[in-house]
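Peer 1: Contents are PDB, C-alpha atoms, pLDDT in the B column; file name protein.pdb:
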ATOM      1  CA  MET E   1     -31.207  73.898  94.602  1.00 50.00           C
ATOM      2  CA  SER E   2     -31.378  73.054  90.940  1.00 49.00           C
ATOM      3  CA  SER E   3     -33.342  75.148  88.524  1.00 47.00           C
ATOM      4  CA  LYS E   4     -35.610  73.458  86.023  1.00 51.00           C
ATOM      5  CA  ASN E   5     -36.729  74.925  82.755  1.00 49.00           C
ATOM      6  CA  ILE E   6     -40.498  74.742  82.798  1.00 48.00           C
ATOM      7  CA  GLN E   7     -42.278  75.874  79.702  1.00 54.00           C
ATOM      8  CA  ARG E   8     -45.558  77.513  80.416  1.00 56.00           C
ATOM      9  CA  THR E   9     -47.877  78.079  77.534  1.00 57.00           C
ATOM     10  CA  ASP E  10     -51.325  79.492  77.490  1.00 66.00           C
ATOM     11  CA  PRO E  11     -54.268  77.127  76.915  1.00 66.00           C
ATOM     12  CA  GLY E  12     -54.903  78.522  73.425  1.00 72.00           C
ATOM     13  CA  THR E  13     -51.427  77.543  72.276  1.00 84.00           C
ATOM     14  CA  GLN E  14     -51.747  74.047  73.733  1.00 87.00           C
ATOM     15  CA  GLU E  15     -55.114  73.610  72.028  1.00 87.00           C
ATOM     16  CA  GLU E  16     -53.649  74.782  68.726  1.00 85.00           C
ATOM     17  CA  LEU E  17     -50.722  72.380  69.117  1.00 89.00           C
ATOM     18  CA  ALA E  18     -53.064  69.461  69.827  1.00 90.00           C
ATOM     19  CA  GLN E  19     -55.163  70.403  66.804  1.00 91.00           C
ATOM     20  CA  LYS E  20     -52.046  70.548  64.635  1.00 92.00           C
ATOM     21  CA  GLU E  21     -50.879  67.124  65.837  1.00 94.00           C
ATOM     22  CA  GLU E  22     -54.310  65.608  65.149  1.00 95.00           C
ATOM     23  CA  LEU E  23     -54.376  67.115  61.672  1.00 95.00           C
ATOM     24  CA  ASN E  24     -50.861  65.826  61.008  1.00 95.00           C
ATOM     25  CA  LYS E  25     -51.994  62.320  61.972  1.00 97.00           C
ATOM     26  CA  LYS E  26     -54.967  62.572  59.595  1.00 96.00           C
ATOM     27  CA  ILE E  27     -52.677  63.773  56.797  1.00 97.00           C
ATOM     28  CA  LYS E  28     -50.426  60.729  57.268  1.00 97.00           C
ATOM     29  CA  GLU E  29     -53.464  58.417  57.142  1.00 97.00           C
ATOM     30  CA  GLN E  30     -54.717  60.128  53.992  1.00 97.00           C
ATOM     31  CA  LYS E  31     -51.286  59.791  52.324  1.00 98.00           C
ATOM     32  CA  ILE E  32     -51.344  56.051  53.005  1.00 97.00           C
ATOM     33  CA  LEU E  33     -54.863  55.785  51.615  1.00 97.00           C
ATOM     34  CA  VAL E  34     -53.881  57.595  48.410  1.00 97.00           C
ATOM     35  CA  ASP E  35     -50.818  55.344  48.010  1.00 97.00           C
ATOM     36  CA  GLU E  36     -52.872  52.200  48.558  1.00 97.00           C
ATOM     37  CA  LEU E  37     -55.523  53.258  46.041  1.00 96.00           C
ATOM     38  CA  SER E  38     -52.963  54.269  43.424  1.00 96.00           C
ATOM     39  CA  ASN E  39     -51.142  50.922  43.723  1.00 96.00           C
ATOM     40  CA  LEU E  40     -54.209  48.730  43.254  1.00 95.00           C
ATOM     41  CA  LYS E  41     -54.382  46.448  40.231  1.00 94.00           C
ATOM     42  CA  LYS E  42     -56.874  47.387  37.533  1.00 91.00           C
ATOM     43  CA  ASN E  43     -59.223  44.492  38.285  1.00 93.00           C
ATOM     44  CA  ARG E  44     -59.514  45.232  42.020  1.00 95.00           C
ATOM     45  CA  ARG E  45     -62.767  46.541  43.460  1.00 96.00           C
ATOM     46  CA  VAL E  46     -63.091  49.504  45.789  1.00 97.00           C
ATOM     47  CA  TYR E  47     -65.907  49.891  48.280  1.00 96.00           C
ATOM     48  CA  THR E  48     -66.951  52.960  50.242  1.00 95.00           C
ATOM     49  CA  GLN E  49     -68.686  52.868  53.589  1.00 95.00           C
ATOM     50  CA  GLN E  50     -71.846  54.836  54.123  1.00 94.00           C
ATOM     51  CA  PRO E  51     -71.633  57.346  56.977  1.00 93.00           C
ATOM     52  CA  ASN E  52     -72.905  56.092  60.331  1.00 95.00           C
ATOM     53  CA  SER E  53     -73.577  52.559  59.100  1.00 95.00           C
ATOM     54  CA  ASN E  54     -71.928  49.251  58.325  1.00 95.00           C
ATOM     55  CA  ILE E  55     -73.056  49.259  54.703  1.00 97.00           C
ATOM     56  CA  PHE E  56     -70.488  49.315  51.893  1.00 97.00           C
ATOM     57  CA  PHE E  57     -71.158  50.133  48.240  1.00 97.00           C
ATOM     58  CA  LEU E  58     -69.054  49.452  45.181  1.00 97.00           C
ATOM     59  CA  ALA E  59     -67.279  52.636  44.076  1.00 97.00           C
ATOM     60  CA  ASP E  60     -65.235  53.719  41.105  1.00 96.00           C
ATOM     61  CA  LYS E  61     -61.503  53.494  41.848  1.00 96.00           C
ATOM     62  CA  GLY E  62     -60.665  56.658  39.895  1.00 95.00           C
ATOM     63  CA  GLU E  63     -63.321  58.729  41.633  1.00 95.00           C
ATOM     64  CA  SER E  64     -62.254  57.424  45.039  1.00 96.00           C
ATOM     65  CA  LEU E  65     -58.613  58.229  44.329  1.00 96.00           C
ATOM     66  CA  SER E  66     -59.354  61.767  43.126  1.00 97.00           C
ATOM     67  CA  SER E  67     -61.620  62.379  46.119  1.00 96.00           C
ATOM     68  CA  CYS E  68     -58.897  61.207  48.506  1.00 97.00           C
ATOM     69  CA  LYS E  69     -56.294  63.399  46.789  1.00 97.00           C
ATOM     70  CA  LYS E  70     -58.600  66.389  47.063  1.00 97.00           C
ATOM     71  CA  ASP E  71     -59.136  65.688  50.771  1.00 97.00           C
ATOM     72  CA  LEU E  72     -55.369  65.419  51.262  1.00 97.00           C
ATOM     73  CA  ASP E  73     -54.792  68.760  49.544  1.00 97.00           C
ATOM     74  CA  ASN E  74     -57.452  70.412  51.704  1.00 96.00           C
ATOM     75  CA  MET E  75     -55.877  68.985  54.861  1.00 96.00           C
ATOM     76  CA  ARG E  76     -52.443  70.241  53.823  1.00 96.00           C
ATOM     77  CA  LYS E  77     -53.809  73.745  53.206  1.00 96.00           C
ATOM     78  CA  GLU E  78     -55.539  73.712  56.587  1.00 94.00           C
ATOM     79  CA  TYR E  79     -52.318  72.541  58.243  1.00 93.00           C
ATOM     80  CA  GLN E  80     -50.361  75.397  56.687  1.00 93.00           C
ATOM     81  CA  ASP E  81     -52.969  77.911  57.848  1.00 90.00           C
ATOM     82  CA  ILE E  82     -52.555  76.851  61.474  1.00 81.00           C
TER      83      ILE E  82
END
In structure tokens, how does this file's structure come out?

Peer 2:
Amino acid sequence: MSSKNIQRTDPGTQEELAQKEELNKKIKEQKILVDELSNLKKNRRVYTQQPNSNIFFLADKGESLSSCKKDLDNMRKEYQDI
């Protein structure tokens, strides 16, 4: 008979791990977004999508970039708290 190492974790730990992985994925997406916005040429236009619709409005590139950076910082803080 061979013995297998089976890790048993409680449901709370698994839920926390799944939440951490999801947050990590969102952080990676946000990093890419910040990089893309910061590398745009000056004459490029940025549009933001309205929540729950397919309507886009012209937005200020600087405001969009600072908003994305702020969101990224908040996600990183939340990730560290977990």

Peer 1: Could you tell me, as a PyMOL selection string, exactly which residues end up selected when the PyMOL selection byres ((chain E and resi 79) around 9) is applied to this structure?

Peer 2: chain E and resi 20+23-24+27+74-78+80-82

Peer 1: Produce a file of the selected residues containing C-alpha atoms, as a tab-separated table (two decimals), keeping the file's coordinate frame.

Peer 2:
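Once written, result.tsv looks like this:
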chain	number	residue	atom	x	y	z
E	20	LYS	CA	-52.05	70.55	64.64
E	23	LEU	CA	-54.38	67.11	61.67
E	24	ASN	CA	-50.86	65.83	61.01
E	27	ILE	CA	-52.68	63.77	56.80
E	74	ASN	CA	-57.45	70.41	51.70
E	75	MET	CA	-55.88	68.98	54.86
E	76	ARG	CA	-52.44	70.24	53.82
E	77	LYS	CA	-53.81	73.74	53.21
E	78	GLU	CA	-55.54	73.71	56.59
E	80	GLN	CA	-50.36	75.40	56.69
E	81	ASP	CA	-52.97	77.91	57.85
E	82	ILE	CA	-52.56	76.85	61.47

Peer 1: For atom CA of E:Glu29 and atom CA of E:Leu65, quote the distance in Å rounded to one decimal.

Peer 2: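 Interatomic distance, atom CA of E:Glu29 to atom CA of E:Leu65: 13.8 Å.
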
Peer 1: How big is the axis-aligned box around the listed atoms of stretch 68-78 of chain E once 4 Å is added on each side, and where is its centre? Give both in Å to one decimal, as AutoDock Vina command-line options.

Peer 2:
--center_x -55.8 --center_y 67.5 --center_z 51.7 --size_x 14.7 --size_y 20.5 --size_z 17.8

Peer 1: Would you work out the distance separating atom CA of E:Tyr47 from atom CA of E:Ala59, expressed in Å to one decimal?

Peer 2: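 Separation of atom CA of E:Tyr47 and atom CA of E:Ala59: 5.2 Å.
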
Peer 1: I need the output of the PyMOL selection byres ((chain E and resi 58) around 9) for this file as a PyMOL selection string; which residues are they?

Peer 2: chain E and resi 45-48+56-57+59-60

Peer 1: Pull C-alpha atoms from the residues just selected and write them as a CSV table (one decimal), in the frame of the given file.

Peer 2:
chain,number,residue,atom,x,y,z
E,45,ARG,CA,-62.8,46.5,43.5
E,46,VAL,CA,-63.1,49.5,45.8
E,47,TYR,CA,-65.9,49.9,48.3
E,48,THR,CA,-67.0,53.0,50.2
E,56,PHE,CA,-70.5,49.3,51.9
E,57,PHE,CA,-71.2,50.1,48.2
E,59,ALA,CA,-67.3,52.6,44.1
E,60,ASP,CA,-65.2,53.7,41.1

Peer 1: As a check of understanding, name the residues that the PyMOL selection byres ((chain E and resi 34) around 9) selects in the supplied structure, as a PyMOL selection string.

Peer 2: chain E and resi 29-33+35-39+65-66+68-69+72

Peer 1: Quote the spacing between atom CA of E:Gln14 and atom CA of E:Asp73 in Å to one decimal place.

Peer 2: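 Between atom CA of E:Gln14 and atom CA of E:Asp73 the gap works out to 24.9 Å.
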